[in-house]
$ cat run-v2.txt   # compact mmCIF, N, CA and C atoms
# COMPACT_ATOMS: atom_id res chain seq x y z
N MET A 1 17.71 24.16 19.18
CA MET A 1 19.07 23.78 19.51
C MET A 1 19.79 25.01 20.04
N THR A 2 20.53 24.83 21.09
CA THR A 2 21.31 25.92 21.66
C THR A 2 22.51 26.20 20.78
N ASP A 3 22.84 27.47 20.61
CA ASP A 3 23.98 27.88 19.79
C ASP A 3 25.27 27.42 20.47
N PRO A 4 26.06 26.52 19.81
CA PRO A 4 27.28 26.03 20.43
C PRO A 4 28.33 27.12 20.62
N SER A 5 28.15 28.27 19.98
CA SER A 5 29.11 29.36 20.16
C SER A 5 28.68 30.28 21.30
N GLY A 6 27.71 29.83 22.10
CA GLY A 6 27.22 30.62 23.23
C GLY A 6 28.30 30.84 24.27
N SER A 7 27.89 31.29 25.41
CA SER A 7 28.85 31.65 26.46
C SER A 7 29.69 30.44 26.87
N ALA A 8 30.88 30.73 27.40
CA ALA A 8 31.78 29.69 27.86
C ALA A 8 31.12 28.86 28.96
N GLU A 9 30.33 29.51 29.78
CA GLU A 9 29.64 28.79 30.86
C GLU A 9 28.67 27.76 30.29
N ASN A 10 27.90 28.14 29.26
CA ASN A 10 26.97 27.20 28.64
C ASN A 10 27.70 26.06 27.95
N ARG A 11 28.79 26.38 27.24
CA ARG A 11 29.57 25.34 26.57
C ARG A 11 30.16 24.39 27.58
N ASP A 12 30.76 24.91 28.63
CA ASP A 12 31.36 24.05 29.65
C ASP A 12 30.30 23.18 30.30
N SER A 13 29.12 23.74 30.49
CA SER A 13 28.04 23.01 31.13
C SER A 13 27.65 21.78 30.30
N ILE A 14 27.45 21.94 29.01
CA ILE A 14 27.03 20.83 28.16
C ILE A 14 28.21 19.92 27.82
N GLU A 15 29.39 20.49 27.63
CA GLU A 15 30.55 19.70 27.22
C GLU A 15 31.15 18.87 28.35
N GLU A 16 31.00 19.32 29.58
CA GLU A 16 31.65 18.63 30.69
C GLU A 16 30.69 17.91 31.63
N THR A 17 29.40 17.99 31.36
CA THR A 17 28.43 17.33 32.24
C THR A 17 28.47 15.82 32.06
N ASP A 18 28.07 15.13 33.10
CA ASP A 18 27.88 13.68 33.04
C ASP A 18 26.41 13.34 32.80
N ASP A 19 25.59 14.37 32.62
CA ASP A 19 24.17 14.18 32.35
C ASP A 19 23.95 14.16 30.84
N PHE A 20 23.17 13.20 30.39
CA PHE A 20 22.81 13.14 28.98
C PHE A 20 21.68 14.13 28.75
N ARG A 21 21.99 15.17 27.94
CA ARG A 21 21.03 16.22 27.61
C ARG A 21 21.03 16.42 26.10
N PRO A 22 20.42 15.49 25.36
CA PRO A 22 20.47 15.59 23.90
C PRO A 22 19.85 16.90 23.42
N ARG A 23 20.50 17.48 22.41
CA ARG A 23 20.05 18.76 21.85
C ARG A 23 19.43 18.51 20.49
N PHE A 24 18.13 18.49 20.43
CA PHE A 24 17.39 18.29 19.20
C PHE A 24 17.34 19.61 18.43
N ASP A 25 17.29 19.52 17.10
CA ASP A 25 17.22 20.73 16.28
C ASP A 25 15.82 21.34 16.35
N ALA A 26 15.61 22.40 15.59
CA ALA A 26 14.33 23.11 15.61
C ALA A 26 13.17 22.22 15.19
N GLY A 27 13.46 21.18 14.41
CA GLY A 27 12.43 20.23 13.99
C GLY A 27 12.25 19.07 14.95
N GLY A 28 12.97 19.12 16.08
CA GLY A 28 12.86 18.06 17.08
C GLY A 28 13.66 16.81 16.76
N LEU A 29 14.69 16.96 15.92
CA LEU A 29 15.49 15.80 15.49
C LEU A 29 16.93 15.91 15.94
N ILE A 30 17.56 14.75 16.06
CA ILE A 30 18.99 14.67 16.36
C ILE A 30 19.60 13.67 15.38
N ALA A 31 20.78 13.97 14.86
CA ALA A 31 21.46 13.10 13.90
C ALA A 31 21.94 11.83 14.60
N ALA A 32 21.83 10.70 13.90
CA ALA A 32 22.29 9.41 14.43
C ALA A 32 23.09 8.68 13.36
N ILE A 33 24.34 8.40 13.68
CA ILE A 33 25.22 7.62 12.82
C ILE A 33 25.31 6.24 13.43
N VAL A 34 25.09 5.20 12.63
CA VAL A 34 25.14 3.83 13.14
C VAL A 34 26.31 3.11 12.50
N THR A 35 27.13 2.48 13.36
CA THR A 35 28.27 1.69 12.89
C THR A 35 28.11 0.24 13.34
N ASP A 36 28.80 -0.65 12.63
CA ASP A 36 28.81 -2.07 12.99
C ASP A 36 29.80 -2.25 14.14
N ALA A 37 29.34 -2.81 15.24
CA ALA A 37 30.19 -3.00 16.42
C ALA A 37 31.37 -3.92 16.15
N SER A 38 31.26 -4.79 15.14
CA SER A 38 32.33 -5.75 14.88
C SER A 38 33.55 -5.14 14.21
N ASP A 39 33.35 -4.08 13.40
CA ASP A 39 34.48 -3.51 12.66
C ASP A 39 34.41 -1.99 12.47
N ASN A 40 33.45 -1.35 13.10
CA ASN A 40 33.26 0.11 13.05
C ASN A 40 32.88 0.65 11.67
N ARG A 41 32.47 -0.18 10.76
CA ARG A 41 32.01 0.26 9.45
C ARG A 41 30.75 1.10 9.62
N VAL A 42 30.70 2.24 8.96
CA VAL A 42 29.49 3.06 9.00
C VAL A 42 28.40 2.33 8.21
N LEU A 43 27.27 2.13 8.87
CA LEU A 43 26.17 1.42 8.24
C LEU A 43 25.11 2.37 7.70
N MET A 44 24.79 3.41 8.48
CA MET A 44 23.73 4.31 8.05
C MET A 44 23.78 5.61 8.81
N PHE A 45 23.08 6.59 8.27
CA PHE A 45 22.86 7.88 8.91
C PHE A 45 21.37 8.14 8.86
N ALA A 46 20.82 8.56 9.99
CA ALA A 46 19.38 8.86 10.03
C ALA A 46 19.13 9.85 11.15
N TYR A 47 17.87 10.09 11.43
CA TYR A 47 17.51 11.00 12.50
C TYR A 47 16.63 10.31 13.53
N MET A 48 16.73 10.79 14.75
CA MET A 48 15.85 10.36 15.84
C MET A 48 15.14 11.59 16.38
N ASN A 49 13.91 11.38 16.81
CA ASN A 49 13.25 12.39 17.62
C ASN A 49 13.27 11.85 19.06
N ARG A 50 12.66 12.56 19.97
CA ARG A 50 12.69 12.12 21.38
C ARG A 50 12.08 10.73 21.53
N GLN A 51 10.98 10.49 20.84
CA GLN A 51 10.29 9.20 20.93
C GLN A 51 11.19 8.07 20.43
N ALA A 52 11.89 8.27 19.33
CA ALA A 52 12.79 7.25 18.79
C ALA A 52 13.95 7.00 19.73
N LEU A 53 14.51 8.07 20.29
CA LEU A 53 15.61 7.92 21.23
C LEU A 53 15.15 7.15 22.46
N ASP A 54 14.01 7.51 23.02
CA ASP A 54 13.50 6.82 24.20
C ASP A 54 13.20 5.35 23.90
N ALA A 55 12.63 5.05 22.73
CA ALA A 55 12.34 3.67 22.35
C ALA A 55 13.63 2.87 22.18
N SER A 56 14.65 3.50 21.62
CA SER A 56 15.94 2.83 21.44
C SER A 56 16.57 2.50 22.79
N LEU A 57 16.56 3.47 23.68
CA LEU A 57 17.15 3.26 25.01
C LEU A 57 16.37 2.19 25.78
N ALA A 58 15.06 2.19 25.68
CA ALA A 58 14.23 1.24 26.43
C ALA A 58 14.33 -0.19 25.88
N SER A 59 14.41 -0.32 24.55
CA SER A 59 14.37 -1.65 23.93
C SER A 59 15.73 -2.27 23.66
N GLY A 60 16.76 -1.41 23.51
CA GLY A 60 18.08 -1.92 23.13
C GLY A 60 18.23 -2.14 21.64
N PHE A 61 17.22 -1.71 20.86
CA PHE A 61 17.28 -1.80 19.40
C PHE A 61 17.07 -0.41 18.80
N VAL A 62 17.70 -0.16 17.66
CA VAL A 62 17.65 1.15 17.03
C VAL A 62 16.25 1.44 16.51
N HIS A 63 15.72 2.58 16.94
CA HIS A 63 14.47 3.14 16.44
C HIS A 63 14.81 4.50 15.84
N LEU A 64 14.11 4.90 14.81
CA LEU A 64 14.42 6.14 14.11
C LEU A 64 13.14 6.89 13.79
N TRP A 65 13.32 8.13 13.34
CA TRP A 65 12.19 8.92 12.88
C TRP A 65 12.29 9.03 11.37
N SER A 66 11.28 8.58 10.67
CA SER A 66 11.24 8.69 9.23
C SER A 66 10.73 10.07 8.84
N ARG A 67 11.59 10.87 8.24
CA ARG A 67 11.16 12.19 7.80
C ARG A 67 10.20 12.10 6.62
N SER A 68 10.38 11.12 5.75
CA SER A 68 9.51 11.00 4.58
C SER A 68 8.13 10.46 4.96
N ARG A 69 8.08 9.53 5.89
CA ARG A 69 6.79 8.95 6.30
C ARG A 69 6.21 9.63 7.53
N GLN A 70 7.03 10.49 8.17
CA GLN A 70 6.60 11.19 9.39
C GLN A 70 6.09 10.21 10.44
N LYS A 71 6.95 9.20 10.72
CA LYS A 71 6.56 8.23 11.75
C LYS A 71 7.77 7.58 12.38
N LEU A 72 7.56 7.10 13.58
CA LEU A 72 8.56 6.33 14.31
C LEU A 72 8.62 4.94 13.70
N TRP A 73 9.84 4.39 13.60
CA TRP A 73 9.97 3.02 13.12
C TRP A 73 11.18 2.36 13.75
N GLN A 74 11.06 1.07 13.98
CA GLN A 74 12.22 0.30 14.42
C GLN A 74 12.97 -0.13 13.18
N LYS A 75 14.25 0.13 13.13
CA LYS A 75 15.06 -0.29 11.98
C LYS A 75 14.89 -1.79 11.81
N GLY A 76 14.49 -2.19 10.63
CA GLY A 76 14.33 -3.60 10.32
C GLY A 76 12.96 -4.16 10.64
N GLU A 77 12.00 -3.31 10.96
CA GLU A 77 10.67 -3.82 11.33
C GLU A 77 10.00 -4.58 10.20
N THR A 78 10.31 -4.23 8.95
CA THR A 78 9.73 -4.94 7.81
C THR A 78 10.66 -6.05 7.32
N SER A 79 11.94 -5.75 7.22
CA SER A 79 12.90 -6.69 6.64
C SER A 79 13.43 -7.72 7.63
N GLY A 80 13.31 -7.44 8.92
CA GLY A 80 13.91 -8.32 9.93
C GLY A 80 15.37 -7.99 10.19
N GLU A 81 15.88 -6.99 9.49
CA GLU A 81 17.29 -6.60 9.63
C GLU A 81 17.42 -5.54 10.74
N THR A 82 17.17 -5.94 11.97
CA THR A 82 17.21 -5.03 13.10
C THR A 82 18.65 -4.76 13.52
N LEU A 83 18.82 -3.73 14.34
CA LEU A 83 20.13 -3.34 14.84
C LEU A 83 20.11 -3.32 16.36
N LYS A 84 20.83 -4.26 16.98
CA LYS A 84 20.91 -4.35 18.43
C LYS A 84 22.00 -3.40 18.93
N ILE A 85 21.63 -2.53 19.82
CA ILE A 85 22.57 -1.51 20.31
C ILE A 85 23.61 -2.13 21.23
N VAL A 86 24.88 -1.85 20.93
CA VAL A 86 25.99 -2.26 21.79
C VAL A 86 26.38 -1.08 22.68
N SER A 87 26.48 0.10 22.07
CA SER A 87 26.78 1.31 22.84
C SER A 87 26.28 2.52 22.07
N MET A 88 26.03 3.60 22.83
CA MET A 88 25.63 4.88 22.23
C MET A 88 26.57 5.94 22.77
N HIS A 89 26.95 6.85 21.90
CA HIS A 89 27.83 7.96 22.26
C HIS A 89 27.19 9.26 21.78
N THR A 90 27.54 10.33 22.45
CA THR A 90 27.11 11.64 21.98
C THR A 90 28.35 12.50 21.78
N ASP A 91 28.26 13.48 20.91
CA ASP A 91 29.40 14.36 20.66
C ASP A 91 29.47 15.42 21.76
N CYS A 92 30.47 16.28 21.65
CA CYS A 92 30.77 17.25 22.71
C CYS A 92 29.61 18.17 23.05
N ASP A 93 28.83 18.58 22.07
CA ASP A 93 27.72 19.47 22.39
C ASP A 93 26.37 18.77 22.34
N GLN A 94 26.39 17.46 22.33
CA GLN A 94 25.21 16.59 22.48
C GLN A 94 24.14 16.83 21.42
N ASP A 95 24.58 17.15 20.18
CA ASP A 95 23.61 17.31 19.10
C ASP A 95 23.76 16.27 18.00
N ALA A 96 24.51 15.22 18.28
CA ALA A 96 24.66 14.10 17.35
C ALA A 96 24.94 12.84 18.16
N LEU A 97 24.48 11.71 17.62
CA LEU A 97 24.68 10.42 18.28
C LEU A 97 25.47 9.49 17.38
N LEU A 98 26.29 8.67 18.02
CA LEU A 98 27.02 7.61 17.34
C LEU A 98 26.60 6.32 18.02
N ILE A 99 25.99 5.43 17.25
CA ILE A 99 25.46 4.19 17.81
C ILE A 99 26.26 3.02 17.24
N SER A 100 26.84 2.23 18.11
CA SER A 100 27.52 1.01 17.72
C SER A 100 26.51 -0.12 17.89
N ALA A 101 26.29 -0.89 16.83
CA ALA A 101 25.22 -1.90 16.86
C ALA A 101 25.67 -3.22 16.24
N GLN A 102 24.97 -4.27 16.62
CA GLN A 102 25.15 -5.59 16.02
C GLN A 102 23.99 -5.82 15.06
N PRO A 103 24.27 -5.86 13.76
CA PRO A 103 23.20 -6.15 12.81
C PRO A 103 22.65 -7.56 13.04
N GLN A 104 21.34 -7.66 13.02
CA GLN A 104 20.67 -8.95 13.17
C GLN A 104 20.23 -9.42 11.79
N GLY A 105 19.69 -10.58 11.68
CA GLY A 105 19.25 -11.10 10.39
C GLY A 105 20.44 -11.45 9.52
N MET A 106 20.37 -11.06 8.25
CA MET A 106 21.45 -11.36 7.30
C MET A 106 22.57 -10.32 7.34
N GLY A 107 22.35 -9.23 8.06
CA GLY A 107 23.37 -8.19 8.16
C GLY A 107 23.22 -7.06 7.16
N ALA A 108 22.05 -6.94 6.54
CA ALA A 108 21.81 -5.87 5.58
C ALA A 108 21.15 -4.71 6.31
N THR A 109 21.82 -3.58 6.35
CA THR A 109 21.27 -2.41 7.01
C THR A 109 20.51 -1.52 6.02
N CYS A 110 20.98 -1.45 4.80
CA CYS A 110 20.37 -0.56 3.80
C CYS A 110 19.09 -1.17 3.23
N HIS A 111 18.11 -0.31 2.95
CA HIS A 111 16.86 -0.78 2.35
C HIS A 111 17.06 -1.34 0.94
N THR A 112 18.26 -1.12 0.37
CA THR A 112 18.57 -1.68 -0.95
C THR A 112 19.04 -3.13 -0.84
N GLY A 113 19.17 -3.63 0.39
CA GLY A 113 19.62 -5.00 0.61
C GLY A 113 21.12 -5.12 0.86
N ARG A 114 21.81 -4.01 0.87
CA ARG A 114 23.26 -4.03 1.09
C ARG A 114 23.59 -3.90 2.58
N ARG A 115 24.82 -4.28 2.92
CA ARG A 115 25.28 -4.20 4.31
C ARG A 115 25.21 -2.77 4.83
N SER A 116 25.66 -1.82 4.04
CA SER A 116 25.74 -0.43 4.44
C SER A 116 25.03 0.46 3.42
N CYS A 117 24.50 1.57 3.89
CA CYS A 117 23.93 2.56 2.97
C CYS A 117 25.04 3.30 2.21
N PHE A 118 26.27 3.16 2.69
CA PHE A 118 27.42 3.82 2.06
C PHE A 118 28.19 2.80 1.24
N TYR A 119 27.71 2.53 0.03
CA TYR A 119 28.31 1.52 -0.84
C TYR A 119 28.89 2.11 -2.11
N ARG A 120 28.97 3.46 -2.16
CA ARG A 120 29.54 4.13 -3.34
C ARG A 120 30.54 5.20 -2.89
N THR A 121 31.59 5.35 -3.67
CA THR A 121 32.54 6.44 -3.44
C THR A 121 32.35 7.48 -4.54
N ILE A 122 32.70 8.69 -4.21
CA ILE A 122 32.64 9.79 -5.18
C ILE A 122 34.06 10.02 -5.68
N GLU A 123 34.25 9.91 -6.97
CA GLU A 123 35.57 10.16 -7.56
C GLU A 123 35.79 11.67 -7.62
N PRO A 124 36.77 12.21 -6.88
CA PRO A 124 36.97 13.66 -6.83
C PRO A 124 37.23 14.31 -8.19
N ALA A 125 37.97 13.64 -9.04
CA ALA A 125 38.33 14.26 -10.32
C ALA A 125 37.14 14.38 -11.27
N THR A 126 36.20 13.44 -11.19
CA THR A 126 35.10 13.42 -12.15
C THR A 126 33.72 13.67 -11.53
N GLY A 127 33.62 13.48 -10.22
CA GLY A 127 32.33 13.62 -9.55
C GLY A 127 31.41 12.45 -9.81
N THR A 128 31.94 11.38 -10.40
CA THR A 128 31.12 10.20 -10.66
C THR A 128 31.16 9.26 -9.46
N LEU A 129 30.18 8.38 -9.43
CA LEU A 129 30.09 7.40 -8.35
C LEU A 129 30.67 6.07 -8.80
N GLU A 130 31.42 5.44 -7.88
CA GLU A 130 31.91 4.08 -8.12
C GLU A 130 31.45 3.21 -6.98
N ARG A 131 30.98 2.02 -7.32
CA ARG A 131 30.46 1.11 -6.31
C ARG A 131 31.57 0.25 -5.71
N TYR A 132 31.42 -0.03 -4.42
CA TYR A 132 32.26 -1.00 -3.73
C TYR A 132 31.36 -1.70 -2.72
N ASP A 133 31.71 -2.84 -2.27
CA ASP A 133 30.90 -3.59 -1.31
C ASP A 133 29.45 -3.58 -1.76
N ASP A 134 29.25 -3.98 -3.01
CA ASP A 134 27.96 -3.83 -3.69
C ASP A 134 27.10 -5.09 -3.63
N VAL A 135 27.42 -5.99 -2.73
CA VAL A 135 26.68 -7.25 -2.63
C VAL A 135 25.33 -7.02 -1.96
N ARG A 136 24.28 -7.47 -2.60
CA ARG A 136 22.94 -7.40 -1.99
C ARG A 136 22.72 -8.68 -1.18
N LEU A 137 22.36 -8.49 0.09
CA LEU A 137 22.12 -9.61 0.97
C LEU A 137 20.66 -10.06 0.93
N PHE A 138 19.81 -9.20 0.40
CA PHE A 138 18.43 -9.59 0.12
C PHE A 138 17.92 -8.77 -1.05
N ASP A 139 16.84 -9.27 -1.65
CA ASP A 139 16.21 -8.59 -2.78
C ASP A 139 15.13 -7.67 -2.23
N PRO A 140 15.29 -6.34 -2.37
CA PRO A 140 14.30 -5.42 -1.82
C PRO A 140 12.90 -5.60 -2.41
N VAL A 141 12.78 -6.05 -3.64
CA VAL A 141 11.47 -6.27 -4.24
C VAL A 141 10.74 -7.38 -3.49
N GLN A 142 11.46 -8.44 -3.15
CA GLN A 142 10.83 -9.54 -2.40
C GLN A 142 10.47 -9.12 -0.97
N VAL A 143 11.32 -8.29 -0.36
CA VAL A 143 11.09 -7.91 1.03
C VAL A 143 10.04 -6.82 1.15
N TYR A 144 10.14 -5.79 0.31
CA TYR A 144 9.25 -4.63 0.43
C TYR A 144 8.14 -4.60 -0.60
N GLY A 145 8.23 -5.46 -1.61
CA GLY A 145 7.21 -5.50 -2.65
C GLY A 145 7.23 -4.31 -3.59
N LYS A 146 8.39 -3.64 -3.72
CA LYS A 146 8.47 -2.49 -4.63
C LYS A 146 9.41 -2.81 -5.77

$ encode --input "run-v2.txt" --output "structure tokens"
Amino acid sequence: MTDPSGSAENRDSIEETDDFRPRFDAGGLIAAIVTDASDNRVLMFAYMNRQALDASLASGFVHLWSRSRQKLWQKGETSGETLKIVSMHTDCDQDALLISAQPQGMGATCHTGRRSCFYRTIEPATGTLERYDDVRLFDPVQVYGK
């Protein structure tokens, strides 16, 4: 990844270009935040490598790189809870992506069966977690067998 604090010429080049030049990190990954196109709710955060980005652009469905499994996967390939891309955005220095998507299936993006992977808040005073939007749209044991 190029240092964003580099020369003004380099910053202007990447910040003002109309060319998509994604900046992958040293591990070949770029951050991807996925939101629901209907209400902008954050659904998930994951990483893409070049192959996942190219597959997403070509298919119109979100593909990601699994760091734990070290493999490319289409979101929802097992559960049927795929994410159809409505739009993709990049930040100013092109090292992060924001994907607006239409959840398919029952609308569960999280592998836990919930709509969003962000279903808990952190209480600042205590550091404890409190659940909200905790409805499971599917049973992960039935879907994944775990």

$ residues_around --input "run-v2.txt" --residues "Leu98 (chain A)" --least-positions-apart "3" --cutoff "10 Å" --atoms "only C-alpha atoms" --output "ChimeraX atom specification"
/A:31-35,42,45,87-91,101

$ axis_aligned_box --input "run-v2.txt" --around "region 28-32 of chain A" --padding-each-side "4 Å" --output "AutoDock Vina command-line options"
--center_x 18.0 --center_y 13.9 --center_z 15.2 --size_x 18.2 --size_y 18.4 --size_z 11.7

$ residues_around --input "run-v2.txt" --residues "region 51-56 of chain A" --least-positions-apart "5" --cutoff "7 Å" --atoms "only N, CA and C atoms" --output "list in words"
Phe61, Val62, His63, Leu64, Trp65, Leu72 and Trp73 of chain A

$ select_by_dssp --input "run-v2.txt" --residues "chain A" --states "alpha helix (DSSP H)" --output "PyMOL selection string"
chain A and resi 8-16+50-59+140-144

$ select_by_dssp --input "run-v2.txt" --residues "region 48-141 of chain A" --states "strand (DSSP E)" --output "ChimeraX atom specification"
/A:48,63-66,71-74,83-90,96-103,120-122,129-131

$ residues_around --input "run-v2.txt" --residues "region 76-85 of chain A" --least-positions-apart "4" --cutoff "6.5 Å" --atoms "all atoms listed in the file" --output "list in words"
Gly60, Phe61, Val62, Ser100, Ala101, Gln102, Pro103, Gln104, Gly105, Met106, Gly107, Ala108, Thr109 and Val143 of chain A

$ closest_atom_pairs --input "run-v2.txt" --of "region 44-106 of chain A" --to "region 13-29 of chain A" --cutoff "5 Å" --atoms "all atoms listed in the file" --output "tab-separated table"
residue	atom	partner	partner_atom	distance
A:Met48	C	A:Leu29	CA	4.3
A:Asn49	CA	A:Gly28	C	4.5
A:Cys92	C	A:Glu15	CA	4.5
A:Gln94	C	A:Arg23	N	3.8
A:Asp95	CA	A:Arg23	N	4.5

$ write_last_selection --input "run-v2.txt" --atoms "N, CA and C atoms" --output "PDB file, in the frame of the given file"
ATOM      1  N   MET A  48      16.730  10.790  14.750  1.00  0.00           N
ATOM      2  CA  MET A  48      15.850  10.360  15.840  1.00  0.00           C
ATOM      3  C   MET A  48      15.140  11.590  16.380  1.00  0.00           C
ATOM      4  N   ASN A  49      13.910  11.380  16.810  1.00  0.00           N
ATOM      5  CA  ASN A  49      13.250  12.390  17.620  1.00  0.00           C
ATOM      6  C   ASN A  49      13.270  11.850  19.060  1.00  0.00           C
ATOM      7  N   CYS A  92      30.470  16.280  21.650  1.00  0.00           N
ATOM      8  CA  CYS A  92      30.770  17.250  22.710  1.00  0.00           C
ATOM      9  C   CYS A  92      29.610  18.170  23.050  1.00  0.00           C
ATOM     10  N   GLN A  94      26.390  17.460  22.330  1.00  0.00           N
ATOM     11  CA  GLN A  94      25.210  16.590  22.480  1.00  0.00           C
ATOM     12  C   GLN A  94      24.140  16.830  21.420  1.00  0.00           C
ATOM     13  N   ASP A  95      24.580  17.150  20.180  1.00  0.00           N
ATOM     14  CA  ASP A  95      23.610  17.310  19.100  1.00  0.00           C
ATOM     15  C   ASP A  95      23.760  16.270  18.000  1.00  0.00           C
TER      16      ASP A  95
END
